[in-house]
>>> print(open('query_5.cif').read())   # mmCIF, C-alpha atoms
data_upload
loop_
_atom_site.group_PDB
_atom_site.id
_atom_site.type_symbol
_atom_site.label_atom_id
_atom_site.label_comp_id
_atom_site.auth_asym_id
_atom_site.auth_seq_id
_atom_site.Cartn_x
_atom_site.Cartn_y
_atom_site.Cartn_z
ATOM 1 C CA MET A 1 125.581 182.715 156.226
ATOM 2 C CA PRO A 2 125.686 186.544 155.901
ATOM 3 C CA GLN A 3 122.705 188.216 154.285
ATOM 4 C CA ARG A 4 123.185 190.121 151.073
ATOM 5 C CA ALA A 5 122.751 193.868 151.142
ATOM 6 C CA PRO A 6 119.399 194.929 149.666
ATOM 7 C CA THR A 7 119.247 196.642 146.284
ATOM 8 C CA LYS A 8 116.967 199.609 145.546
ATOM 9 C CA THR A 9 114.517 197.860 143.210
ATOM 10 C CA ALA A 10 114.168 194.493 141.577
ATOM 11 C CA ALA A 11 114.754 195.909 138.091
ATOM 12 C CA ASP A 12 118.313 194.615 137.873
ATOM 13 C CA LEU A 13 117.239 191.194 139.118
ATOM 14 C CA VAL A 14 114.572 190.585 136.461
ATOM 15 C CA PRO A 15 116.044 188.157 133.890
ATOM 16 C CA SER A 16 116.137 188.929 130.186
ATOM 17 C CA LYS A 17 114.112 185.762 129.603
ATOM 18 C CA ARG A 18 110.642 186.802 130.707
ATOM 19 C CA SER A 19 108.922 183.422 130.929
ATOM 20 C CA LEU A 20 107.027 182.792 134.157
ATOM 21 C CA PRO A 21 109.331 179.924 135.246
ATOM 22 C CA ALA A 22 112.401 182.120 134.693
ATOM 23 C CA LEU A 23 110.837 185.001 136.577
ATOM 24 C CA ARG A 24 109.783 182.763 139.459
ATOM 25 C CA GLU A 25 113.274 181.304 139.762
ATOM 26 C CA ALA A 26 114.905 184.742 139.753
ATOM 27 C CA ALA A 27 112.409 186.195 142.236
ATOM 28 C CA ALA A 28 113.182 183.431 144.716
ATOM 29 C CA GLY A 29 116.462 185.181 145.495
ATOM 30 C CA CYS A 30 115.131 188.747 145.483
ATOM 31 C CA THR A 31 116.716 191.196 147.952
ATOM 32 C CA ALA A 32 115.241 194.368 146.486
ATOM 33 C CA CYS A 33 113.905 195.503 149.876
ATOM 34 C CA ASP A 34 114.445 194.470 153.473
ATOM 35 C CA LEU A 35 111.298 192.317 153.523
ATOM 36 C CA PHE A 36 113.305 189.399 152.114
ATOM 37 C CA ALA A 37 114.881 189.043 155.566
ATOM 38 C CA ARG A 38 111.469 188.768 157.297
ATOM 39 C CA GLY A 39 109.483 186.563 154.985
ATOM 40 C CA THR A 40 109.934 182.806 154.920
ATOM 41 C CA GLN A 41 110.202 182.843 151.141
ATOM 42 C CA THR A 42 109.264 184.768 148.018
ATOM 43 C CA VAL A 43 105.610 184.155 147.148
ATOM 44 C CA PHE A 44 105.425 184.522 143.380
ATOM 45 C CA GLY A 45 102.275 184.489 141.283
ATOM 46 C CA GLU A 46 100.728 181.360 139.826
ATOM 47 C CA GLY A 47 98.308 180.435 137.101
ATOM 48 C CA PRO A 48 98.237 179.636 133.390
ATOM 49 C CA PRO A 49 100.730 181.612 131.278
ATOM 50 C CA SER A 50 97.972 182.498 128.806
ATOM 51 C CA ALA A 51 95.418 183.637 131.403
ATOM 52 C CA ARG A 52 93.083 186.382 130.225
ATOM 53 C CA ALA A 53 92.908 187.864 133.721
ATOM 54 C CA ILE A 54 95.470 188.663 136.395
ATOM 55 C CA LEU A 55 94.212 189.248 139.929
ATOM 56 C CA VAL A 56 96.592 191.378 141.985
ATOM 57 C CA GLY A 57 96.494 191.655 145.768
ATOM 58 C CA GLU A 58 98.654 193.556 148.214
ATOM 59 C CA GLN A 59 101.047 190.955 149.639
ATOM 60 C CA PRO A 60 101.071 187.342 150.846
ATOM 61 C CA GLY A 61 99.674 186.654 154.292
ATOM 62 C CA ASP A 62 100.846 184.239 156.953
ATOM 63 C CA ALA A 63 99.391 181.136 155.254
ATOM 64 C CA GLU A 64 100.796 182.167 151.871
ATOM 65 C CA ASP A 65 104.226 182.883 153.339
ATOM 66 C CA ARG A 66 104.402 179.398 154.830
ATOM 67 C CA ALA A 67 103.021 177.645 151.733
ATOM 68 C CA GLY A 68 104.900 179.723 149.145
ATOM 69 C CA ARG A 69 101.691 180.201 147.125
ATOM 70 C CA PRO A 70 99.372 183.214 146.735
ATOM 71 C CA PHE A 71 95.798 183.319 148.047
ATOM 72 C CA VAL A 72 95.680 180.010 149.899
ATOM 73 C CA GLY A 73 94.572 181.336 153.309
ATOM 74 C CA PRO A 74 91.115 182.516 154.473
ATOM 75 C CA ALA A 75 91.050 185.427 152.003
ATOM 76 C CA GLY A 76 92.034 183.039 149.222
ATOM 77 C CA ARG A 77 89.194 180.682 150.073
ATOM 78 C CA LEU A 78 86.730 183.577 149.977
ATOM 79 C CA LEU A 79 88.204 184.628 146.636
ATOM 80 C CA ASP A 80 87.754 181.097 145.281
ATOM 81 C CA THR A 81 84.080 180.875 146.213
ATOM 82 C CA SER A 82 83.403 184.417 144.984
ATOM 83 C CA LEU A 83 85.041 183.742 141.632
ATOM 84 C CA GLU A 84 82.988 180.566 141.275
ATOM 85 C CA GLN A 85 79.739 182.401 141.997
ATOM 86 C CA ALA A 86 80.743 185.112 139.530
ATOM 87 C CA GLY A 87 81.256 182.515 136.797
ATOM 88 C CA ILE A 88 85.074 182.719 136.763
ATOM 89 C CA ASP A 89 87.240 179.616 137.077
ATOM 90 C CA ARG A 90 90.128 180.288 139.482
ATOM 91 C CA ARG A 91 92.216 177.750 137.571
ATOM 92 C CA GLN A 92 91.958 179.927 134.456
ATOM 93 C CA VAL A 93 93.235 183.164 136.031
ATOM 94 C CA TYR A 94 96.680 184.229 137.212
ATOM 95 C CA VAL A 95 96.897 185.407 140.829
ATOM 96 C CA THR A 96 99.726 187.416 142.336
ATOM 97 C CA ASN A 97 100.556 190.280 144.687
ATOM 98 C CA VAL A 98 102.201 193.678 144.370
ATOM 99 C CA VAL A 99 104.694 192.737 147.110
ATOM 100 C CA LYS A 100 106.128 189.221 147.066
ATOM 101 C CA HIS A 101 107.253 188.902 150.696
ATOM 102 C CA PHE A 102 105.116 188.836 153.838
ATOM 103 C CA LYS A 103 105.472 191.973 155.955
ATOM 104 C CA TRP A 104 104.443 191.261 159.518
ATOM 105 C CA GLU A 105 104.676 192.328 163.130
ATOM 106 C CA PRO A 106 104.834 189.929 166.082
ATOM 107 C CA ARG A 107 101.868 189.760 168.434
ATOM 108 C CA GLY A 108 102.526 187.047 170.962
ATOM 109 C CA THR A 109 103.012 183.883 168.950
ATOM 110 C CA ARG A 110 101.155 185.299 165.937
ATOM 111 C CA ARG A 111 102.491 187.135 162.901
ATOM 112 C CA ILE A 112 100.182 190.041 162.089
ATOM 113 C CA HIS A 113 99.982 191.652 158.655
ATOM 114 C CA ALA A 114 101.666 195.052 158.325
ATOM 115 C CA LYS A 115 100.963 197.313 155.352
ATOM 116 C CA PRO A 116 103.908 197.633 152.924
ATOM 117 C CA ASN A 117 105.251 201.139 152.440
ATOM 118 C CA MET A 118 105.906 202.912 149.151
ATOM 119 C CA PRO A 119 109.649 202.073 148.936
ATOM 120 C CA GLU A 120 108.790 198.377 149.389
ATOM 121 C CA ILE A 121 106.053 198.561 146.773
ATOM 122 C CA ARG A 122 108.348 200.418 144.387
ATOM 123 C CA ALA A 123 111.145 197.904 144.940
ATOM 124 C CA CYS A 124 108.882 194.981 144.047
ATOM 125 C CA ARG A 125 106.987 196.566 141.149
ATOM 126 C CA PRO A 126 109.377 195.257 138.426
ATOM 127 C CA TRP A 127 108.289 191.703 139.255
ATOM 128 C CA LEU A 128 104.616 192.594 138.810
ATOM 129 C CA GLU A 129 105.331 194.416 135.561
ATOM 130 C CA ALA A 130 107.291 191.405 134.293
ATOM 131 C CA GLU A 131 104.443 189.027 135.220
ATOM 132 C CA ILE A 132 101.905 191.160 133.364
ATOM 133 C CA ALA A 133 104.223 191.428 130.349
ATOM 134 C CA ALA A 134 104.701 187.649 130.301
ATOM 135 C CA VAL A 135 101.010 186.746 130.623
ATOM 136 C CA LYS A 136 99.618 189.612 128.511
ATOM 137 C CA PRO A 137 96.169 189.491 130.126
ATOM 138 C CA GLN A 138 93.099 191.139 128.732
ATOM 139 C CA ILE A 139 92.208 192.506 132.172
ATOM 140 C CA VAL A 140 94.024 193.179 135.433
ATOM 141 C CA ILE A 141 91.786 193.002 138.506
ATOM 142 C CA CYS A 142 93.150 194.966 141.467
ATOM 143 C CA LEU A 143 92.139 193.622 144.851
ATOM 144 C CA GLY A 144 92.319 196.461 147.354
ATOM 145 C CA ALA A 145 93.771 199.965 147.490
ATOM 146 C CA THR A 146 97.448 198.980 147.521
ATOM 147 C CA ALA A 147 97.157 197.046 144.264
ATOM 148 C CA ALA A 148 94.927 199.665 142.646
ATOM 149 C CA GLN A 149 97.230 202.567 143.504
ATOM 150 C CA ALA A 150 100.334 200.631 142.470
ATOM 151 C CA ILE A 151 98.814 200.122 139.012
ATOM 152 C CA LEU A 152 96.534 203.131 138.530
ATOM 153 C CA GLY A 153 98.365 205.801 140.548
ATOM 154 C CA LYS A 154 98.321 207.066 144.109
ATOM 155 C CA ASP A 155 95.250 209.244 143.518
ATOM 156 C CA PHE A 156 93.030 206.288 142.604
ATOM 157 C CA ARG A 157 90.318 205.550 145.165
ATOM 158 C CA VAL A 158 88.630 202.151 145.284
ATOM 159 C CA THR A 159 85.782 203.680 147.286
ATOM 160 C CA ARG A 160 85.075 206.021 144.383
ATOM 161 C CA ASP A 161 85.709 203.847 141.337
ATOM 162 C CA ARG A 162 85.351 200.219 142.415
ATOM 163 C CA GLY A 163 83.816 197.960 139.812
ATOM 164 C CA ARG A 164 84.445 200.360 136.915
ATOM 165 C CA ILE A 165 86.159 198.858 133.888
ATOM 166 C CA LEU A 166 88.928 201.206 132.817
ATOM 167 C CA GLU A 167 91.259 201.209 129.842
ATOM 168 C CA ALA A 168 94.940 201.330 130.804
ATOM 169 C CA GLU A 169 98.455 201.086 129.421
ATOM 170 C CA ILE A 170 99.481 198.091 131.505
ATOM 171 C CA ALA A 171 96.632 195.957 130.073
ATOM 172 C CA PRO A 172 93.665 196.589 127.782
ATOM 173 C CA PHE A 173 91.385 196.827 130.825
ATOM 174 C CA VAL A 174 91.745 197.279 134.571
ATOM 175 C CA MET A 175 89.122 196.971 137.289
ATOM 176 C CA ALA A 176 89.570 197.603 141.005
ATOM 177 C CA THR A 177 87.544 196.179 143.855
ATOM 178 C CA VAL A 178 88.129 195.420 147.524
ATOM 179 C CA HIS A 179 90.544 192.819 148.848
ATOM 180 C CA PRO A 180 88.708 189.752 150.204
ATOM 181 C CA SER A 181 90.549 190.137 153.521
ATOM 182 C CA SER A 182 88.641 193.395 154.096
ATOM 183 C CA ILE A 183 85.384 191.432 153.832
ATOM 184 C CA LEU A 184 86.580 189.013 156.502
ATOM 185 C CA ARG A 185 87.127 191.982 158.816
ATOM 186 C CA ALA A 186 83.477 193.068 158.556
ATOM 187 C CA PRO A 187 82.015 193.616 162.044
ATOM 188 C CA ASP A 188 79.145 191.124 161.826
ATOM 189 C CA PRO A 189 77.768 188.291 159.651
ATOM 190 C CA ALA A 190 75.182 190.518 157.955
ATOM 191 C CA SER A 191 77.811 193.038 156.897
ATOM 192 C CA ARG A 192 80.116 190.268 155.761
ATOM 193 C CA HIS A 193 77.349 188.735 153.638
ATOM 194 C CA ALA A 194 76.464 192.100 152.061
ATOM 195 C CA GLU A 195 80.111 192.873 151.266
ATOM 196 C CA THR A 196 80.619 189.408 149.800
ATOM 197 C CA GLU A 197 77.637 189.853 147.518
ATOM 198 C CA ARG A 198 78.939 193.217 146.346
ATOM 199 C CA PHE A 199 82.388 191.699 145.724
ATOM 200 C CA ILE A 200 80.829 188.908 143.656
ATOM 201 C CA GLU A 201 78.905 191.495 141.652
ATOM 202 C CA ASP A 202 82.154 193.346 140.872
ATOM 203 C CA LEU A 203 83.712 190.105 139.643
ATOM 204 C CA ARG A 204 80.595 189.170 137.690
ATOM 205 C CA GLY A 205 80.911 192.484 135.852
ATOM 206 C CA VAL A 206 84.237 191.408 134.300
ATOM 207 C CA ALA A 207 83.493 187.712 133.782
ATOM 208 C CA HIS A 208 82.748 188.297 130.105
ATOM 209 C CA LEU A 209 86.224 189.780 129.603
ATOM 210 C CA VAL A 210 87.848 186.783 131.241
ATOM 211 C CA ALA A 211 85.951 184.479 128.893
ATOM 212 C CA GLU A 212 86.293 186.474 125.666
ATOM 213 C CA PRO A 213 89.074 185.776 123.140
ATOM 214 C CA ARG A 214 92.101 188.049 123.285
ATOM 215 C CA GLY A 215 91.565 191.344 121.522
ATOM 216 C CA ALA A 216 87.828 191.377 122.043
ATOM 217 C CA ARG A 217 86.586 194.869 122.793
ATOM 218 C CA LEU A 218 84.363 195.834 125.637
ATOM 219 C CA ALA A 219 80.677 195.561 124.800
ATOM 220 C CA ALA A 220 78.458 198.584 124.828
ATOM 221 C CA GLY A 221 77.456 199.810 128.242
ATOM 222 C CA MET A 222 80.867 200.173 129.882
ATOM 223 C CA ARG A 223 80.351 200.689 133.583
#
>>> encode(input="query_5.cif", output="structure tokens")
Amino acid sequence: MPQRAPTKTAADLVPSKRSLPALREAAAGCTACDLFARGTQTVFGEGPPSARAILVGEQPGDAEDRAGRPFVGPAGRLLDTSLEQAGIDRRQVYVTNVVKHFKWEPRGTRRIHAKPNMPEIRACRPWLEAEIAAVKPQIVICLGATAAQAILGKDFRVTRDRGRILEAEIAPFVMATVHPSSILRAPDPASRHAETERFIEDLRGVAHLVAEPRGARLAAGMR
């Protein structure tokens, strides 16, 4: 069966009905960039449609590409335990990625993650915007530089502003921290433990926003 020619962005593919099931169904056939030809399938976000928090990563990894679900591999397991220790129930948040297809390079029999480029991120952004518009979260939590710069602009630096709770147009609040996969790449167990603890502390700093009713304002002492 011949492959369809890619379009420039997903904007024309986003359905007028912006419910999560409708978006997921439409995204399954997305050809907005050439990554659709490399990934096994579109990996759309998942979680409750009324979630108060959306966690946004860079792209699905190998395990996610095969399963068709976000954050189910090693980084996802670290995210789960970190959320739990921060007092956030993973089942009550919506998790997704900026890019919905797995970009990879072959290395022997393995498929190794490759960083998406700006045209690929730009092509996929309408799906992320539609997800955020459908869920209407109180806070968007960016996991890693790709997600943070896609939402907060290319000049944003996680190293400079991680853990800070910012007001934004896309959601009442946005916070950026590291991606859990970067913690797994730490050079030794001690470094990995220290980075995990810092990641948990970042998540703990927004746990009250995840739990508060919609429309609640940030308490005094904004970080």
>>> resolve_selection(input="query_5.cif", expression="the PyMOL selection byres ((chain A and resi 101-117) around 8)", output="list in words")
Leu35, Phe36, Arg38, Gly39, Thr40, Gln41, Thr42, Val43, Gln59, Pro60, Gly61, Asp62, Asp65, Val99, Lys100, Met118, Pro119, Glu120 and Ile121 of chain A
>>> residues_around(input="query_5.cif", residues="segment 169-178 of chain A", least_positions_apart="4", cutoff="10 Å", atoms="all atoms listed in the file", output="ChimeraX atom specification")
/A:53-57,129,132-133,136-149,151-152,156-159,161-165,182-183,195-196,198-200,202-203,205-206,209,214-218
>>> closest_residue(input="query_5.cif", among="A:Ala134, A:Leu184, A:Ala123, A:Leu23", to="Arg77 of chain A", atoms="all atoms listed in the file")
A:Leu184
>>> atom_distance(input="query_5.cif", atom1="atom CA of Asp188 of chain A", atom2="atom CA of Ala75 of chain A")
16.5 Å
>>> atom_distance(input="query_5.cif", atom1="atom CA of Glu167 of chain A", atom2="atom CA of Gln85 of chain A")
25.2 Å
>>> residues_around(input="query_5.cif", residues="Pro48 of chain A", least_positions_apart="4", cutoff="12 Å", atoms="only C-alpha atoms", output="ChimeraX atom specification")
/A:19-21,52-54,89-96,131,134-137
>>> closest_residue(input="query_5.cif", among="A:Ala86, A:Arg204, A:Pro189, A:Phe44", to="Ala26 of chain A", atoms="all atoms listed in the file")
A:Phe44
>>> axis_aligned_box(input="query_5.cif", around="segment 65-80 of chain A", padding_each_side="4 Å", output="JSON")
{"center_x": 95.8, "center_y": 181.5, "center_z": 150.1, "size_x": 26.2, "size_y": 15.8, "size_z": 17.5}
>>> atom_distance(input="query_5.cif", atom1="atom CA of Gly87 of chain A", atom2="atom CA of Leu128 of chain A")
25.5 Å
>>> decode(input="query_5.cif", residues="segment 71-92 of chain A", atoms="C-alpha atoms", output="PDB file, in the first residue's frame")
ATOM      1  CA  PHE A  71       5.412   6.486  29.714  1.00  0.00           C
ATOM      2  CA  VAL A  72       5.271   2.715  30.104  1.00  0.00           C
ATOM      3  CA  GLY A  73       9.011   1.996  29.779  1.00  0.00           C
ATOM      4  CA  PRO A  74      11.834   2.509  32.322  1.00  0.00           C
ATOM      5  CA  ALA A  75      11.368   6.297  32.383  1.00  0.00           C
ATOM      6  CA  GLY A  76       7.642   5.792  32.903  1.00  0.00           C
ATOM      7  CA  ARG A  77       8.241   3.500  35.859  1.00  0.00           C
ATOM      8  CA  LEU A  78      10.543   6.087  37.430  1.00  0.00           C
ATOM      9  CA  LEU A  79       7.887   8.730  36.800  1.00  0.00           C
ATOM     10  CA  ASP A  80       5.264   6.558  38.504  1.00  0.00           C
ATOM     11  CA  THR A  81       7.299   6.042  41.668  1.00  0.00           C
ATOM     12  CA  SER A  82       8.348   9.703  41.767  1.00  0.00           C
ATOM     13  CA  LEU A  83       4.769  10.907  41.423  1.00  0.00           C
ATOM     14  CA  GLU A  84       3.717   8.560  44.218  1.00  0.00           C
ATOM     15  CA  GLN A  85       6.439   9.851  46.536  1.00  0.00           C
ATOM     16  CA  ALA A  86       5.463  13.420  45.662  1.00  0.00           C
ATOM     17  CA  GLY A  87       1.854  12.736  46.654  1.00  0.00           C
ATOM     18  CA  ILE A  88       0.455  12.736  43.096  1.00  0.00           C
ATOM     19  CA  ASP A  89      -1.665   9.870  41.787  1.00  0.00           C
ATOM     20  CA  ARG A  90      -0.574   8.962  38.243  1.00  0.00           C
ATOM     21  CA  ARG A  91      -4.121   7.797  37.525  1.00  0.00           C
ATOM     22  CA  GLN A  92      -5.377  11.341  38.141  1.00  0.00           C
TER      23      GLN A  92
END
